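J.: This is the structure I want to talk about, given as C-alpha cells.
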Amino acid sequence: MSLEVKLNVNGRAVARTVAPETTLATFVREELELTGTHVGCDTSQCGACTVHLNGRAVKACTVLAAQAEGQQVTTIEGIGSTSELHPMQAAFRECHGLQCGFCTPGMIMAAIDLVHRGEADSEASIREGLEGNYCRCTGYHNIVQAVAKAAPQMTND
C-alpha cells in the first residue's frame with residue numbers, strides 16, 4: 001500500500017507517492033534529492049536530520065512523511081544560497097563551527113530554531129538548546145560561538 005503526500009518543501013509544492021512508513025528524512029533525501037539532511041542514528045539521538053516543520057526544528061528521522069501532509073518543511077538547502085549564506089551558515093564558517101561537516105546541517109537548523117525561540121541569549125542557554133545535536137569533532141566551543149555571533153544578526157529574520 002502507498003499513499004500520496006503533498007507538502008511544501010523549501011517554498012515549493014511537492015507531491016509524491018510513498019510507503020506509509022517513509023520518514024520525512026527519507027522523503028527529502030531520496031524522493032526530493034535534498035541530501036543536506038543527514039541521517040546519523042535513525043533514532044532521534046544525534047540530530048543530524050534536523051529540519052524545520054512549520055518553522056520549528058524536528059528530527060526528520062522520527063516524523064513520517066505522511067505526518068507532514070500539507071505542512072511547510074525547510075531543509076538546509078532552503079535557508080541560504082552559495083552566493084548569500086544565511087547568517088547562521090556564515091557564522092558557522094567564520095567561527096570554524098564545523099570540522100567533518102556531518103552534523104552541521106542539523107546543528108544549523110536546530111540553532112536557527114533556538115534563536116527564533118529567543119533561547120540563545122547566553123552560552124549556557126545555547127549549550128542546553130543544542131543538547132539533542134551531537135558533534136563528535138569540534139567539542140562544541142566554536143559551534144556555541146557561531147550561534148552567539150549569528151543571533152543578533154537574525155533579529156529581522
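Residue names in the C-alpha cells use chain letters A, B, ... in the order shown, residue numbers from 1 in each chain, and ligand numbers from 1 in the order shown.
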Can you list every residue in region 9-142 of chain A that DSSP puts in alpha helix (DSSP H), as a PyMOL selection string?
T.: chain A and resi 24-26+87-94+104-116+123-129+141-142
J.: Go ahead and compute the interatomic distance for CA of Gly97 (chain A) and CA of Thr138 (chain A), in Å to one decimal.
T.: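 According to the coordinates, CA of Gly97 (chain A) and CA of Thr138 (chain A) are separated by 7.2 Å.
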J.: Mind pulling up the distance from CA of Val18 (chain A) to CA of Ile108 (chain A)?
T.: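 Those two atoms sit 27.9 Å apart.
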J.: Find, counting only C-alpha atoms, the residue in A:Phe27, A:Glu131, A:Ala148, A:Leu7 that gets nearest to Gly118 (chain A).
T.: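 So, comparing all the options, the nearest one is A:Ala148.
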J.: Would you pick out the contacts of Thr43 (chain A) at 10 Å or less, using only C-alpha atoms, so that residues sharing its chain but fewer than 5 positions from it are not included, and give the list as JSON, numbers by chain?
T.: {"A": [59, 60, 61, 62]}
J.: Those same residues, written as an mmCIF file, in the first residue's frame with C-alpha atoms?
T.:
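Writing the result to result32.cif gives the following:
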```cif
data_model
loop_
_atom_site.group_PDB
_atom_site.id
_atom_site.type_symbol
_atom_site.label_atom_id
_atom_site.label_comp_id
_atom_site.auth_asym_id
_atom_site.auth_seq_id
_atom_site.Cartn_x
_atom_site.Cartn_y
_atom_site.Cartn_z
ATOM 1 C CA LYS A 59 14.255 15.370 13.867
ATOM 2 C CA ALA A 60 13.123 14.150 10.469
ATOM 3 C CA CYS A 61 14.045 10.521 11.139
ATOM 4 C CA THR A 62 11.157 10.254 13.605
#
```
J.: Of the candidates A:Leu98, A:Thr17, A:Pro105, A:Val9, which one gets nearest to His38 (chain A) if we count only C-alpha atoms?
T.: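 Ranked by minimum distance to His38 (chain A), first place goes to A:Pro105.
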J.: What is the distance between CA of Asn142 (chain A) and CA of Cys95 (chain A), in Å to one decimal?
T.: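 Between CA of Asn142 (chain A) and CA of Cys95 (chain A) the gap works out to 5.8 Å.
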J.: Would you mind listing what lies within 12 Å of Ile76 (chain A) as a ChimeraX atom specification, with only C-alpha atoms counted and same-chain residues fewer than 3 positions away left out?
T.: /A:9-10,28-29,34-38,48-52,57,73,79-82,85-86,88-89,103-112
J.: Considering only C-alpha atoms, state which residue in the set A:Ala19, A:Ala90, A:Ala66, A:Val147 is at the smallest distance from Val5 (chain A).
T.: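 Closest residue, counting only C-alpha atoms: A:Ala66.
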J.: Name the residues in contact with Gly129 (chain A) at a cut-off of 8 Å, using only C-alpha atoms, excluding same-chain residues fewer than 5 positions from it; report them as a list of chain:residue names.
T.: A:Ala111, A:Leu114, A:Glu119, A:Ala120
J.: As an MDAnalysis selection string, which residues of chain A does DSSP assign to strand (DSSP E or B)?
T.: chainID A and resid 3:9 12:18 23 50:53 56:59 64 72:74
J.: Atoms to include: C-alpha atoms. Write the selected residues as an mmCIF file, in the first residue's frame.
T.:
```
data_model
loop_
_atom_site.group_PDB
_atom_site.id
_atom_site.type_symbol
_atom_site.label_atom_id
_atom_site.label_comp_id
_atom_site.auth_asym_id
_atom_site.auth_seq_id
_atom_site.Cartn_x
_atom_site.Cartn_y
_atom_site.Cartn_z
ATOM 1 C CA LEU A 3 -0.140 6.967 -0.281
ATOM 2 C CA GLU A 4 0.257 10.343 -1.892
ATOM 3 C CA VAL A 5 1.904 13.002 0.238
ATOM 4 C CA LYS A 6 1.594 16.687 -0.638
ATOM 5 C CA LEU A 7 3.605 19.299 1.197
ATOM 6 C CA ASN A 8 5.663 22.419 0.683
ATOM 7 C CA VAL A 9 9.431 21.954 0.826
ATOM 8 C CA ARG A 12 7.987 24.593 -3.454
ATOM 9 C CA ALA A 13 4.845 22.452 -3.571
ATOM 10 C CA VAL A 14 5.713 18.767 -3.934
ATOM 11 C CA ALA A 15 3.659 15.590 -4.191
ATOM 12 C CA ARG A 16 4.959 12.025 -4.178
ATOM 13 C CA THR A 17 3.572 8.554 -3.686
ATOM 14 C CA VAL A 18 5.383 6.843 -0.814
ATOM 15 C CA THR A 23 10.176 9.041 7.203
ATOM 16 C CA THR A 50 17.013 18.189 11.872
ATOM 17 C CA VAL A 51 14.739 20.197 9.566
ATOM 18 C CA HIS A 52 12.047 22.791 10.221
ATOM 19 C CA LEU A 53 8.417 21.731 10.135
ATOM 20 C CA ARG A 56 10.050 24.500 14.340
ATOM 21 C CA ALA A 57 13.049 22.186 14.467
ATOM 22 C CA VAL A 58 12.179 18.481 14.299
ATOM 23 C CA LYS A 59 14.255 15.370 13.867
ATOM 24 C CA LEU A 64 6.629 10.234 8.929
ATOM 25 C CA GLN A 72 5.832 23.625 5.388
ATOM 26 C CA VAL A 73 9.219 21.884 5.521
ATOM 27 C CA THR A 74 12.515 23.730 5.348
#
```
